[in-house]
$ cat run.csv   # CSV, C-alpha atoms
chain,number,residue,atom,x,y,z
A,18,ASP,CA,0.0,0.0,0.0
A,19,ARG,CA,2.8,2.4,0.8
A,20,ARG,CA,4.7,1.7,-2.5
A,21,LEU,CA,1.7,1.3,-4.8
A,22,ARG,CA,-0.3,4.6,-5.0
A,23,ALA,CA,-3.5,4.7,-7.0
A,24,PRO,CA,-3.2,7.3,-9.8
A,25,GLY,CA,-5.8,10.0,-10.5
A,26,ARG,CA,-6.6,8.4,-13.9
A,27,GLY,CA,-6.5,4.7,-14.9
A,28,TRP,CA,-4.7,2.2,-12.7
A,29,VAL,CA,-1.3,1.2,-11.7
A,30,THR,CA,0.0,-2.4,-11.3
A,31,GLN,CA,2.9,-4.0,-9.6
A,32,ASP,CA,4.1,-7.5,-10.2
A,33,VAL,CA,4.3,-9.6,-7.1
A,34,ASP,CA,7.2,-12.1,-6.6
A,35,LEU,CA,5.9,-15.3,-5.1
A,36,ARG,CA,9.1,-17.4,-5.7
A,37,ALA,CA,9.5,-17.7,-1.9
A,38,VAL,CA,6.2,-19.5,-1.6
A,39,PRO,CA,6.7,-23.3,-1.8
A,40,GLY,CA,4.8,-24.9,-4.7
A,41,VAL,CA,4.0,-21.7,-6.7
A,42,PRO,CA,5.1,-22.1,-10.3
A,43,THR,CA,7.5,-19.4,-11.5
A,44,ALA,CA,8.1,-20.4,-15.1
A,45,GLY,CA,6.0,-20.1,-18.2
A,46,GLU,CA,2.9,-17.9,-18.5
A,47,PHE,CA,2.0,-17.7,-14.8
A,48,GLY,CA,1.6,-14.0,-13.7
A,49,ARG,CA,0.5,-12.1,-10.6
A,50,ARG,CA,0.1,-8.4,-9.9
A,51,LEU,CA,-1.6,-5.8,-7.9
A,52,PHE,CA,-4.0,-3.3,-9.4
A,53,ALA,CA,-4.8,0.0,-7.7
A,54,CYS,CA,-7.4,2.6,-8.8
A,55,ARG,CA,-9.1,5.6,-7.4
A,56,ALA,CA,-12.9,6.0,-7.3
A,57,GLY,CA,-14.5,6.1,-10.7
A,58,ARG,CA,-11.4,4.7,-12.5
A,59,ALA,CA,-11.4,1.3,-14.1
A,60,ILE,CA,-9.8,-1.9,-15.1
A,61,VAL,CA,-11.3,-1.4,-18.6
A,62,PRO,CA,-13.8,-3.9,-20.3
A,63,HIS,CA,-11.8,-6.6,-21.9
A,64,GLY,CA,-11.8,-10.3,-22.7
A,65,HIS,CA,-9.0,-12.8,-23.0
A,66,HIS,CA,-8.0,-15.5,-25.4
A,67,ASP,CA,-6.4,-18.7,-23.9
A,68,MET,CA,-6.0,-17.0,-20.5
A,69,CYS,CA,-7.5,-17.7,-17.1
A,70,THR,CA,-7.5,-14.9,-14.4
A,71,GLY,CA,-8.6,-14.7,-10.8
A,72,PHE,CA,-9.1,-11.5,-8.8
A,73,VAL,CA,-9.3,-11.0,-5.0
A,74,VAL,CA,-10.2,-7.6,-3.6
A,75,LEU,CA,-7.6,-6.5,-1.0
A,76,ARG,CA,-9.0,-3.1,0.0
A,77,GLY,CA,-11.9,-0.9,-1.1
A,78,ARG,CA,-14.9,-1.7,-3.2
A,79,TRP,CA,-15.3,-2.4,-6.8
A,80,ARG,CA,-18.2,-2.7,-9.2
A,81,GLY,CA,-17.5,-5.9,-11.2
A,82,ARG,CA,-19.2,-6.8,-14.4
A,83,HIS,CA,-18.7,-10.1,-16.3
A,84,TYR,CA,-20.0,-11.3,-19.6
A,85,ASP,CA,-19.9,-14.6,-21.5
A,86,ARG,CA,-18.5,-14.0,-24.9
A,87,GLY,CA,-20.3,-15.4,-27.9
A,88,GLU,CA,-19.9,-14.8,-31.6
A,89,THR,CA,-16.6,-12.9,-32.1
A,90,THR,CA,-15.6,-11.1,-35.3
A,91,ARG,CA,-12.9,-8.5,-36.1
A,92,GLU,CA,-15.5,-5.8,-35.6
A,93,HIS,CA,-17.5,-6.9,-32.5
A,94,CYS,CA,-18.3,-9.7,-30.1
A,95,VAL,CA,-21.7,-10.6,-28.6
A,96,LEU,CA,-21.8,-10.5,-24.8
A,97,GLN,CA,-24.2,-12.1,-22.4
A,98,PRO,CA,-24.2,-10.3,-19.1
A,99,THR,CA,-23.6,-12.8,-16.2
A,100,ILE,CA,-22.4,-10.7,-13.2
A,101,ASP,CA,-23.0,-7.1,-12.2
A,102,ARG,CA,-22.4,-6.4,-8.5
A,103,GLY,CA,-20.2,-4.9,-5.9
A,104,PHE,CA,-17.1,-6.7,-4.6
A,105,GLY,CA,-15.5,-5.9,-1.2
A,106,PRO,CA,-12.4,-7.1,0.6
A,107,GLY,CA,-11.9,-10.9,0.5
A,108,GLU,CA,-14.3,-11.3,-2.5
A,109,GLY,CA,-13.1,-12.4,-5.9
A,110,SER,CA,-14.0,-13.7,-9.3
A,111,THR,CA,-12.5,-15.7,-12.1
A,112,ILE,CA,-12.6,-15.7,-15.9
A,113,SER,CA,-11.7,-18.1,-18.6
A,114,ASP,CA,-12.5,-18.8,-22.2
A,115,HIS,CA,-15.2,-21.1,-21.0
A,116,ARG,CA,-17.1,-18.8,-18.6
A,117,ASP,CA,-17.3,-15.0,-17.8
A,118,ASN,CA,-14.7,-14.3,-20.4
A,119,VAL,CA,-15.1,-10.5,-20.6
A,120,HIS,CA,-14.8,-8.4,-17.4
A,121,TRP,CA,-14.7,-4.8,-16.2
A,122,PHE,CA,-14.0,-3.4,-12.7
A,123,VAL,CA,-14.7,0.2,-11.6
A,124,ALA,CA,-13.3,1.4,-8.2
A,125,GLU,CA,-16.1,2.7,-6.0
A,126,THR,CA,-14.0,3.9,-3.1
A,127,ASP,CA,-11.2,6.5,-2.9
A,128,THR,CA,-8.6,3.8,-3.3
A,129,ALA,CA,-9.3,0.2,-4.2
A,130,TYR,CA,-6.8,-2.7,-4.7
A,131,LEU,CA,-7.1,-6.0,-6.4
A,132,PHE,CA,-4.7,-8.9,-6.5
A,133,ASN,CA,-4.7,-10.8,-9.8
A,134,VAL,CA,-3.3,-14.1,-10.8
A,135,HIS,CA,-3.3,-15.2,-14.5
A,136,VAL,CA,-2.3,-18.2,-16.5
A,137,ALA,CA,-1.8,-17.7,-20.2
A,138,GLY,CA,-1.6,-20.6,-22.7
A,139,TYR,CA,-3.5,-23.0,-20.6
A,140,ASP,CA,-5.5,-24.7,-23.4
A,141,PRO,CA,-3.6,-25.8,-26.5
A,142,GLU,CA,-6.9,-26.7,-28.2
A,143,LEU,CA,-7.9,-23.0,-28.4
A,144,GLY,CA,-5.1,-22.2,-30.9
A,145,GLY,CA,-3.5,-18.8,-31.4
A,146,ALA,CA,-1.5,-16.7,-29.0
A,147,PRO,CA,-2.9,-15.8,-25.6
A,148,GLY,CA,-4.0,-12.2,-25.4
A,149,ARG,CA,-6.5,-9.5,-24.6
A,150,MET,CA,-9.4,-8.1,-26.6
A,151,TYR,CA,-10.9,-4.6,-25.6
A,152,VAL,CA,-14.7,-4.1,-26.1
A,153,ASP,CA,-17.3,-1.4,-25.7
A,154,PRO,CA,-20.2,-3.0,-23.6
A,155,ALA,CA,-22.3,0.1,-24.4
A,156,GLY,CA,-23.2,-1.5,-27.8
A,157,GLU,CA,-26.6,-2.5,-29.1
A,158,VAL,CA,-28.7,-4.5,-26.7
A,159,LEU,CA,-30.5,-7.4,-28.5
A,160,ALA,CA,-34.0,-8.7,-27.5
A,161,GLY,CA,-32.5,-11.5,-25.3
A,162,GLY,CA,-30.3,-9.1,-23.4
A,163,GLU,CA,-27.2,-9.8,-25.3
A,164,ILE,CA,-25.0,-6.9,-26.2
A,165,VAL,CA,-23.3,-6.4,-29.6
A,166,ALA,CA,-20.0,-4.9,-28.2
A,167,PRO,CA,-17.8,-3.2,-30.8
A,168,ARG,CA,-14.1,-4.1,-30.5
A,169,MET,CA,-11.8,-1.3,-29.6
A,170,SER,CA,-8.1,-0.6,-29.5
A,171,SER,CA,-6.5,-0.6,-26.1
A,172,ALA,CA,-5.9,3.1,-26.3
A,173,ALA,CA,-9.5,3.9,-27.2
A,174,CYS,CA,-10.9,1.7,-24.5
A,175,HIS,CA,-8.6,3.2,-21.8
A,176,ALA,CA,-9.5,6.7,-23.0
A,177,GLN,CA,-13.2,6.0,-22.8
A,178,TYR,CA,-13.3,3.7,-19.7
A,179,GLY,CA,-10.0,4.0,-17.9

$ encode --input "run.csv" --output "structure tokens"
Amino acid sequence: DRRLRAPGRGWVTQDVDLRAVPGVPTAGEFGRRLFACRAGRAIVPHGHHDMCTGFVVLRGRWRGRHYDRGETTREHCVLQPTIDRGFGPGEGSTISDHRDNVHWFVAETDTAYLFNVHVAGYDPELGGAPGRMYVDPAGEVLAGGEIVAPRMSSAACHAQYG
């Protein structure tokens, strides 16, 4: 907390070295980091390909939204909302290609911290390189509640939602 200060805009992250913890893998695509945001700032809406992540709230409150990703093209992806609620200390969530693939967290308190663990390249059957996909969940809402979310560049998504 003393070394990781939440910025006025966007978020800041810090990698966490867990090599001293017995049994924790340290090679390959296993990552861990802290996220810090001020009220109203966000971990922007994005999905992953061939990546699992888990979040635990360490301090503060976040509004977390998750979506199952359906049809995906170069221009958009179809999202089905699955979670929209507040998350407080000790609460967490997970995402994968198989469930709740797109997520978005907005800090609700002056400072809010999340601890994240991610594993990239976990499913060789998915093909392609692990990575992120940024989306605009304010797209067209279909009759069944699904959202046609335009894909965005990282810079555009951070400018709009960060």

$ residues_around --input "run.csv" --residues "Gly48 in chain A" --least-positions-apart "5" --cutoff "7 Å" --atoms "all atoms listed in the file" --output "mmCIF file with C-alpha atoms, keeping the file's coordinate frame"
data_model
loop_
_atom_site.group_PDB
_atom_site.id
_atom_site.type_symbol
_atom_site.label_atom_id
_atom_site.label_comp_id
_atom_site.auth_asym_id
_atom_site.auth_seq_id
_atom_site.Cartn_x
_atom_site.Cartn_y
_atom_site.Cartn_z
ATOM 1 C CA VAL A 134 -3.300 -14.100 -10.800
ATOM 2 C CA HIS A 135 -3.300 -15.200 -14.500
ATOM 3 C CA VAL A 136 -2.300 -18.200 -16.500
#

$ closest_residue --input "run.csv" --among "A:Arg58, A:His115, A:Arg91, A:His83" --to "Val29 in chain A" --atoms "only C-alpha atoms"
A:Arg58

$ closest_residue --input "run.csv" --among "A:Asp140, A:Asp153, A:Glu108, A:Glu125" --to "Gly71 in chain A" --atoms "all atoms listed in the file"
A:Glu108

$ atom_distance --input "run.csv" --atom1 "CA of Asp114 in chain A" --atom2 "CA of Gly156 in chain A"
21.1 Å

$ residues_near_point --input "run.csv" --point "(-17.4, -1.8, -25.2)" --cutoff "7 Å" --atoms "only C-alpha atoms" --output "PyMOL selection string"
chain A and resi 62+152-156+166-168

$ residues_near_point --input "run.csv" --point "(-21.7, -5.4, -8.5)" --cutoff "10 Å" --atoms "only C-alpha atoms" --output "PyMOL selection string"
chain A and resi 78-83+100-105+122-123

$ atom_distance --input "run.csv" --atom1 "CA of Cys174 in chain A" --atom2 "CA of Leu21 in chain A"
23.4 Å

$ atom_distance --input "run.csv" --atom1 "CA of Pro147 in chain A" --atom2 "CA of Leu131 in chain A"
22.0 Å

$ closest_residue --input "run.csv" --among "A:Met150, A:Ser110, A:Cys54, A:Gln31" --to "Thr128 in chain A" --atoms "only C-alpha atoms"
A:Cys54

$ closest_residue --input "run.csv" --among "A:Gly64, A:Arg50, A:Gln177, A:Thr126" --to "His93 in chain A" --atoms "all atoms listed in the file"
A:Gly64

$ closest_residue --input "run.csv" --among "A:Ala56, A:Ile112, A:Ala172, A:Ala129" --to "Cys69 in chain A" --atoms "only C-alpha atoms"
A:Ile112

$ closest_residue --input "run.csv" --among "A:Ser170, A:Val119, A:Pro106, A:Arg22" --to "Cys94 in chain A" --atoms "only C-alpha atoms"
A:Val119

$ residues_around --input "run.csv" --residues "Ala137 in chain A" --least-positions-apart "4" --cutoff "10 Å" --atoms "all atoms listed in the file" --output "list in words"
Gly45, Glu46, Phe47, Gly48, His65, His66, Asp67, Met68, Cys69, Thr70, Ala146, Pro147 and Gly148 of chain A

$ build_atoms --input "run.csv" --residues "range 57-75 of chain A" --atoms "N, CA, C and O atoms" --output "JSON list (two decimals), in the coordinates of the input"
[["chain", "number", "residue", "atom", "x", "y", "z"],
["A", 57, "GLY", "N", -14.06, 5.75, -9.36],
["A", 57, "GLY", "CA", -14.50, 6.10, -10.70],
["A", 57, "GLY", "C", -13.56, 5.66, -11.81],
["A", 57, "GLY", "O", -13.92, 5.71, -12.98],
["A", 58, "ARG", "N", -12.37, 5.22, -11.48],
["A", 58, "ARG", "CA", -11.40, 4.70, -12.50],
["A", 58, "ARG", "C", -11.59, 3.25, -12.65],
["A", 58, "ARG", "O", -12.13, 2.57, -11.78],
["A", 59, "ALA", "N", -11.09, 2.68, -13.74],
["A", 59, "ALA", "CA", -11.40, 1.30, -14.10],
["A", 59, "ALA", "C", -10.31, 0.45, -14.58],
["A", 59, "ALA", "O", -9.35, 0.95, -15.16],
["A", 60, "ILE", "N", -10.47, -0.82, -14.35],
["A", 60, "ILE", "CA", -9.80, -1.90, -15.10],
["A", 60, "ILE", "C", -10.78, -2.05, -16.28],
["A", 60, "ILE", "O", -11.90, -2.54, -16.08],
["A", 61, "VAL", "N", -10.41, -1.60, -17.46],
["A", 61, "VAL", "CA", -11.30, -1.40, -18.60],
["A", 61, "VAL", "C", -11.95, -2.72, -19.06],
["A", 61, "VAL", "O", -11.39, -3.80, -18.85],
["A", 62, "PRO", "N", -13.12, -2.64, -19.75],
["A", 62, "PRO", "CA", -13.80, -3.90, -20.30],
["A", 62, "PRO", "C", -12.91, -4.56, -21.31],
["A", 62, "PRO", "O", -12.55, -3.96, -22.32],
["A", 63, "HIS", "N", -12.59, -5.80, -21.00],
["A", 63, "HIS", "CA", -11.80, -6.60, -21.90],
["A", 63, "HIS", "C", -12.01, -8.07, -21.70],
["A", 63, "HIS", "O", -12.46, -8.49, -20.65],
["A", 64, "GLY", "N", -11.70, -8.83, -22.73],
["A", 64, "GLY", "CA", -11.80, -10.30, -22.70],
["A", 64, "GLY", "C", -10.39, -10.84, -22.92],
["A", 64, "GLY", "O", -9.44, -10.11, -23.22],
["A", 65, "HIS", "N", -10.28, -12.14, -22.81],
["A", 65, "HIS", "CA", -9.00, -12.80, -23.00],
["A", 65, "HIS", "C", -9.18, -13.96, -23.98],
["A", 65, "HIS", "O", -10.26, -14.52, -24.12],
["A", 66, "HIS", "N", -8.08, -14.33, -24.60],
["A", 66, "HIS", "CA", -8.00, -15.50, -25.40],
["A", 66, "HIS", "C", -6.95, -16.44, -24.77],
["A", 66, "HIS", "O", -5.82, -15.99, -24.55],
["A", 67, "ASP", "N", -7.32, -17.66, -24.45],
["A", 67, "ASP", "CA", -6.40, -18.70, -23.90],
["A", 67, "ASP", "C", -5.72, -18.12, -22.63],
["A", 67, "ASP", "O", -4.52, -18.23, -22.47],
["A", 68, "MET", "N", -6.53, -17.53, -21.76],
["A", 68, "MET", "CA", -6.00, -17.00, -20.50],
["A", 68, "MET", "C", -7.06, -17.12, -19.42],
["A", 68, "MET", "O", -8.22, -16.77, -19.63],
["A", 69, "CYS", "N", -6.67, -17.63, -18.26],
["A", 69, "CYS", "CA", -7.50, -17.70, -17.10],
["A", 69, "CYS", "C", -6.99, -16.62, -16.10],
["A", 69, "CYS", "O", -5.78, -16.47, -15.96],
["A", 70, "THR", "N", -7.88, -15.89, -15.45],
["A", 70, "THR", "CA", -7.50, -14.90, -14.40],
["A", 70, "THR", "C", -8.37, -15.07, -13.22],
["A", 70, "THR", "O", -9.53, -15.45, -13.34],
["A", 71, "GLY", "N", -7.82, -14.72, -12.08],
["A", 71, "GLY", "CA", -8.60, -14.70, -10.80],
["A", 71, "GLY", "C", -8.24, -13.39, -10.10],
["A", 71, "GLY", "O", -7.09, -12.96, -10.12],
["A", 72, "PHE", "N", -9.24, -12.76, -9.50],
["A", 72, "PHE", "CA", -9.10, -11.50, -8.80],
["A", 72, "PHE", "C", -9.57, -11.70, -7.33],
["A", 72, "PHE", "O", -10.59, -12.33, -7.11],
["A", 73, "VAL", "N", -8.87, -11.08, -6.40],
["A", 73, "VAL", "CA", -9.30, -11.00, -5.00],
["A", 73, "VAL", "C", -9.20, -9.52, -4.61],
["A", 73, "VAL", "O", -8.15, -8.90, -4.82],
["A", 74, "VAL", "N", -10.26, -8.96, -4.04],
["A", 74, "VAL", "CA", -10.20, -7.60, -3.60],
["A", 74, "VAL", "C", -9.45, -7.55, -2.25],
["A", 74, "VAL", "O", -9.76, -8.27, -1.31],
["A", 75, "LEU", "N", -8.44, -6.69, -2.20],
["A", 75, "LEU", "CA", -7.60, -6.50, -1.00],
["A", 75, "LEU", "C", -8.14, -5.40, -0.12],
["A", 75, "LEU", "O", -8.13, -5.49, 1.11]]
